[in-house]
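J.: One structure follows; several queries about it will come next.
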Amino acid sequence: PGTPPKLVGCAITRLKAETPLMDIHVVEGPNEVLLSALRDGDLNLVVGRSPGAGESEGFEFEFLLKEYFAVVCGARNHEPPATSADLVDLVDLMHFPWILPVRSAPLRTNLEVLFLGQCGRQPTNLIESISLPLNVALMTAGNYLAVMQSSLAREYAAQGELRILIDRLPDLAGLIGIFTRSGEMPTSQARRMIDSLRISSASLVPT
C-alpha cells in the first residue's frame with residue numbers, strides 16, 4: 001500500500017521483455033508483513049514506503065520517488081464543491097462521509113495530524129478500509145470521500161470513475177523505495193529487478 005501500481009507494473013513489464021523466462025512472484029501486503037518475509041528470506045526485495053521507527057533495522061532502503069496524496073470522490077458525486085481542485089479546502093469536506101485507512105496504517109496517523117492541524121477535528125462519519133477495489137466501489141455507489149495516491153487518482157479520473165477534489169494534500173507525502181537485507185548481496189535476478197525499478201521510477205516522478 002502506498003506504492004504506485006505503475007511503478008511495479010512498468011518495472012515488471014520491462015524486466016520480462018528482457019528476460020521472458022524469468023519467474024516473478026508478486027506479494028501484496030502491509031509493510032510490516034512484507035518486511036518480516038524479507039527478513040526471513042521469503043522475499044528477495046520489498047517496494048514500499050520509507051521505514052518508520054524501528055522498521056529500518058536489518059534493511060537497506062534505496063529511495064526511488066516521492067508520492068503525493070489526493071482527496072477523491074465518485075465521478076457522479078456532485079455534492080462536494082465542483083470548483084477547480086486547487087480551490088477546494090479540506091475544511092469544506094469534513095461533513096462528508098470518509099473512507100480512511102485502518103488505524104494501524106502509518107498514513108492514517110499522518111491524516112489525523114493533518115485533519116487536526118487544518119480542521120481542528122477528525123471526520124466522524126467514516127469507514128476504515130485499505131482495499132482499493134472496495135474503496136472505489138464505495139465511492140462509485142455512494143457519496144464517500146477518500147485519500148489515495150495522486151498518480152493513481154489521476155488514472156481513475158481519466159477513466160471517468162473518480163473525481164479529484166484536492167490533487168495534492170499539503171504536508172502529506174510518502175517516500176517510496178526498495179528494501180533489501182543489510183549486508184547481503186541481492187541475487188542476480190533481484191539486481192535486474194532493482195535496475196528495472198530505478199529506470200521505471202525515473203519516468204514516474206510526480207509533477
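Labels for the C-alpha cells follow display order: chains A, B, ..., residues from 1 in each chain, ligands from 1.
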Determine which residues of segment 1-101 of chain A receive a DSSP assignment of strand (DSSP E), computed from the backbone, and state them as a PyMOL selection string.

T.: chain A and resi 46-49+59-74+98-100

J.: Please write the residues from the selection above to a file, keeping N, CA and C atoms, as an mmCIF file, in the first residue's frame.

T.:
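File written: result17.cif
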data_model
loop_
_atom_site.group_PDB
_atom_site.id
_atom_site.type_symbol
_atom_site.label_atom_id
_atom_site.label_comp_id
_atom_site.auth_asym_id
_atom_site.auth_seq_id
_atom_site.Cartn_x
_atom_site.Cartn_y
_atom_site.Cartn_z
ATOM 1 N N VAL A 46 11.556 -5.733 -1.229
ATOM 2 C CA VAL A 46 10.244 -5.134 -0.973
ATOM 3 C C VAL A 46 10.236 -3.725 -1.529
ATOM 4 N N VAL A 47 9.150 -3.362 -2.200
ATOM 5 C CA VAL A 47 8.949 -1.996 -2.676
ATOM 6 C C VAL A 47 7.863 -1.387 -1.812
ATOM 7 N N GLY A 48 8.168 -0.294 -1.126
ATOM 8 C CA GLY A 48 7.175 0.294 -0.251
ATOM 9 C C GLY A 48 7.595 1.642 0.280
ATOM 10 N N ARG A 49 6.825 2.130 1.255
ATOM 11 C CA ARG A 49 7.100 3.442 1.830
ATOM 12 C C ARG A 49 8.350 3.393 2.692
ATOM 13 N N PHE A 59 17.743 -3.705 7.379
ATOM 14 C CA PHE A 59 17.427 -3.472 5.972
ATOM 15 C C PHE A 59 18.188 -2.272 5.414
ATOM 16 N N GLU A 60 18.415 -2.311 4.109
ATOM 17 C CA GLU A 60 18.870 -1.141 3.359
ATOM 18 C C GLU A 60 17.665 -0.584 2.622
ATOM 19 N N PHE A 61 17.545 0.741 2.593
ATOM 20 C CA PHE A 61 16.425 1.377 1.894
ATOM 21 C C PHE A 61 16.974 2.316 0.833
ATOM 22 N N GLU A 62 16.592 2.083 -0.423
ATOM 23 C CA GLU A 62 17.004 2.950 -1.544
ATOM 24 C C GLU A 62 15.810 3.779 -2.010
ATOM 25 N N PHE A 63 15.883 5.071 -1.848
ATOM 26 C CA PHE A 63 14.790 5.967 -2.252
ATOM 27 C C PHE A 63 14.623 5.970 -3.770
ATOM 28 N N LEU A 64 13.362 5.909 -4.217
ATOM 29 C CA LEU A 64 13.058 5.963 -5.650
ATOM 30 C C LEU A 64 12.300 7.226 -6.028
ATOM 31 N N LEU A 65 11.224 7.528 -5.315
ATOM 32 C CA LEU A 65 10.414 8.692 -5.673
ATOM 33 C C LEU A 65 9.545 9.113 -4.501
ATOM 34 N N LYS A 66 9.023 10.325 -4.580
ATOM 35 C CA LYS A 66 8.101 10.852 -3.582
ATOM 36 C C LYS A 66 6.692 10.801 -4.157
ATOM 37 N N GLU A 67 5.786 10.224 -3.391
ATOM 38 C CA GLU A 67 4.401 10.109 -3.831
ATOM 39 C C GLU A 67 3.515 11.030 -3.003
ATOM 40 N N TYR A 68 2.622 11.769 -3.692
ATOM 41 C CA TYR A 68 1.706 12.679 -3.018
ATOM 42 C C TYR A 68 0.317 12.051 -2.949
ATOM 43 N N PHE A 69 -0.558 12.657 -2.167
ATOM 44 C CA PHE A 69 -1.886 12.093 -1.941
ATOM 45 C C PHE A 69 -2.974 13.104 -2.287
ATOM 46 N N ALA A 70 -4.077 12.573 -2.827
ATOM 47 C CA ALA A 70 -5.201 13.395 -3.272
ATOM 48 C C ALA A 70 -6.467 13.014 -2.512
ATOM 49 N N VAL A 71 -7.429 13.934 -2.480
ATOM 50 C CA VAL A 71 -8.772 13.643 -1.970
ATOM 51 C C VAL A 71 -9.677 13.440 -3.181
ATOM 52 N N VAL A 72 -10.412 12.330 -3.186
ATOM 53 C CA VAL A 72 -11.233 11.979 -4.348
ATOM 54 C C VAL A 72 -12.637 11.588 -3.919
ATOM 55 N N CYS A 73 -13.547 11.580 -4.899
ATOM 56 C CA CYS A 73 -14.909 11.088 -4.693
ATOM 57 C C CYS A 73 -15.357 10.431 -5.989
ATOM 58 N N GLY A 74 -16.523 9.797 -5.962
ATOM 59 C CA GLY A 74 -17.051 9.185 -7.173
ATOM 60 C C GLY A 74 -17.321 10.219 -8.253
ATOM 61 N N TRP A 98 -16.323 9.667 5.019
ATOM 62 C CA TRP A 98 -14.973 9.403 4.522
ATOM 63 C C TRP A 98 -14.641 7.916 4.574
ATOM 64 N N ILE A 99 -13.731 7.510 3.691
ATOM 65 C CA ILE A 99 -13.077 6.203 3.766
ATOM 66 C C ILE A 99 -11.624 6.484 4.121
ATOM 67 N N LEU A 100 -11.187 5.984 5.274
ATOM 68 C CA LEU A 100 -9.826 6.226 5.740
ATOM 69 C C LEU A 100 -9.105 4.906 5.948
#

J.: Tell me, counting only C-alpha atoms, for each residue of segment 105-179 of chain A within 10 Å of segment 197-205 of chain A, which pair of atoms is nearest and how far apart they are in Å to one decimal, in rows ordered by chain and increasing number, as a tab-separated table.

T.:
residue	atom	partner	partner_atom	distance
A:Ser151	CA	A:Leu204	CA	8.6
A:Ile176	CA	A:Ser201	CA	9.5
A:Gly177	CA	A:Leu197	CA	9.1
A:Ile178	CA	A:Leu197	CA	8.5

J.: Got a sec: who's within 9 Å of Thr124 of chain A, counting only C-alpha atoms, leaving out chain neighbours fewer than 5 positions off, as a list in words?

T.: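 Near neighbours after the sequence-gap exclusion: Met94, His95, Phe96, Pro97 and Trp98 of chain A.
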
J.: Now that the selection is made, can you save its residues with N, CA and C atoms as a compact mmCIF listing (two decimals), in the first residue's frame?

T.:
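Contents of the output file result.txt:
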# COMPACT_ATOMS: atom_id res chain seq x y z
N MET A 94 -15.22 18.26 5.56
CA MET A 94 -15.24 17.50 6.80
C MET A 94 -16.60 16.87 7.12
N HIS A 95 -17.69 17.44 6.63
CA HIS A 95 -19.01 16.91 6.99
C HIS A 95 -19.44 15.75 6.10
N PHE A 96 -18.64 15.42 5.11
CA PHE A 96 -18.96 14.29 4.23
C PHE A 96 -18.50 12.98 4.87
N PRO A 97 -19.10 11.85 4.48
CA PRO A 97 -18.58 10.56 4.95
C PRO A 97 -17.25 10.25 4.27
N TRP A 98 -16.32 9.67 5.02
CA TRP A 98 -14.97 9.40 4.52
C TRP A 98 -14.64 7.92 4.57

J.: Among chain A, which ones does DSSP place in helix (DSSP H, G or I), written as a compact mmCIF listing (two decimals) with C-alpha atoms, in the first residue's frame?

T.:
# COMPACT_ATOMS: atom_id res chain seq x y z
CA PRO A 5 1.00 0.40 -9.15
CA LYS A 6 2.55 1.80 -12.34
CA LEU A 7 6.00 1.68 -10.76
CA VAL A 8 5.92 -2.07 -10.17
CA GLY A 9 3.91 -2.76 -13.33
CA CYS A 10 6.31 -0.89 -15.61
CA ALA A 11 9.34 -2.44 -13.92
CA ILE A 12 8.00 -5.98 -14.34
CA THR A 13 7.00 -5.34 -17.95
CA ARG A 14 10.48 -4.03 -18.74
CA LEU A 15 12.15 -6.95 -16.98
CA LYS A 16 10.00 -9.61 -18.66
CA ALA A 17 10.72 -8.06 -22.06
CA GLU A 18 14.44 -8.51 -21.39
CA ASN A 31 4.90 -3.02 5.12
CA GLU A 32 5.36 -4.91 8.38
CA VAL A 33 4.22 -8.21 6.83
CA LEU A 34 6.40 -7.84 3.75
CA LEU A 35 9.44 -6.77 5.73
CA SER A 36 9.05 -9.77 8.01
CA ALA A 37 9.02 -12.03 4.94
CA LEU A 38 12.08 -10.23 3.58
CA ARG A 39 13.90 -10.71 6.89
CA ALA A 85 -9.27 21.12 -7.26
CA ASP A 86 -6.84 23.82 -6.17
CA LEU A 87 -9.71 25.89 -4.71
CA LEU A 90 -10.16 20.40 3.40
CA VAL A 91 -12.38 22.19 5.96
CA ASP A 92 -15.18 22.30 3.37
CA LEU A 93 -15.18 18.50 3.14
CA PRO A 106 1.01 4.99 9.05
CA LEU A 107 -0.99 7.07 6.54
CA ARG A 108 -3.91 7.14 9.00
CA THR A 109 -1.71 8.70 11.68
CA ASN A 110 -0.46 11.33 9.25
CA LEU A 111 -4.01 12.08 8.11
CA GLU A 112 -5.21 12.54 11.68
CA VAL A 113 -2.42 15.07 12.26
CA LEU A 114 -3.42 16.86 9.04
CA PHE A 115 -7.12 16.92 9.93
CA LEU A 116 -6.43 18.28 13.40
CA GLY A 117 -3.99 20.90 12.10
CA GLN A 118 -6.23 22.19 9.30
CA CYS A 119 -9.73 21.48 10.61
CA LEU A 132 -8.58 -0.16 -3.18
CA PRO A 133 -11.25 -2.05 -5.19
CA LEU A 134 -13.71 -1.76 -2.30
CA ASN A 135 -12.94 1.92 -1.76
CA VAL A 136 -13.52 2.72 -5.42
CA ALA A 137 -16.77 0.72 -5.38
CA LEU A 138 -17.96 2.61 -2.30
CA MET A 139 -17.18 5.98 -3.85
CA THR A 140 -18.91 4.96 -7.08
CA ALA A 141 -22.03 3.81 -5.23
CA SER A 150 -2.24 11.46 -6.60
CA SER A 151 -0.86 9.48 -9.56
CA LEU A 152 -3.46 6.75 -9.05
CA ALA A 153 -6.24 9.30 -8.56
CA ARG A 154 -5.40 10.88 -11.91
CA GLU A 155 -5.67 7.49 -13.61
CA TYR A 156 -9.12 6.84 -12.14
CA ALA A 157 -10.19 10.39 -13.02
CA ALA A 158 -9.02 9.93 -16.62
CA SER A 188 21.39 -11.54 -9.98
CA GLN A 189 17.64 -11.73 -10.67
CA ALA A 190 16.89 -9.32 -7.82
CA ARG A 191 19.55 -6.91 -9.09
CA ARG A 192 17.89 -6.91 -12.51
CA MET A 193 14.56 -6.11 -10.86
CA ILE A 194 16.13 -3.31 -8.85
CA ASP A 195 17.65 -1.82 -12.01
CA SER A 196 14.25 -2.01 -13.73
CA LEU A 197 12.58 -0.28 -10.77
CA ARG A 198 15.16 2.51 -10.92
CA ILE A 199 14.52 3.08 -14.62
CA SER A 200 10.73 2.97 -14.20
CA SER A 201 10.75 5.37 -11.23
CA ALA A 202 12.58 7.99 -13.28
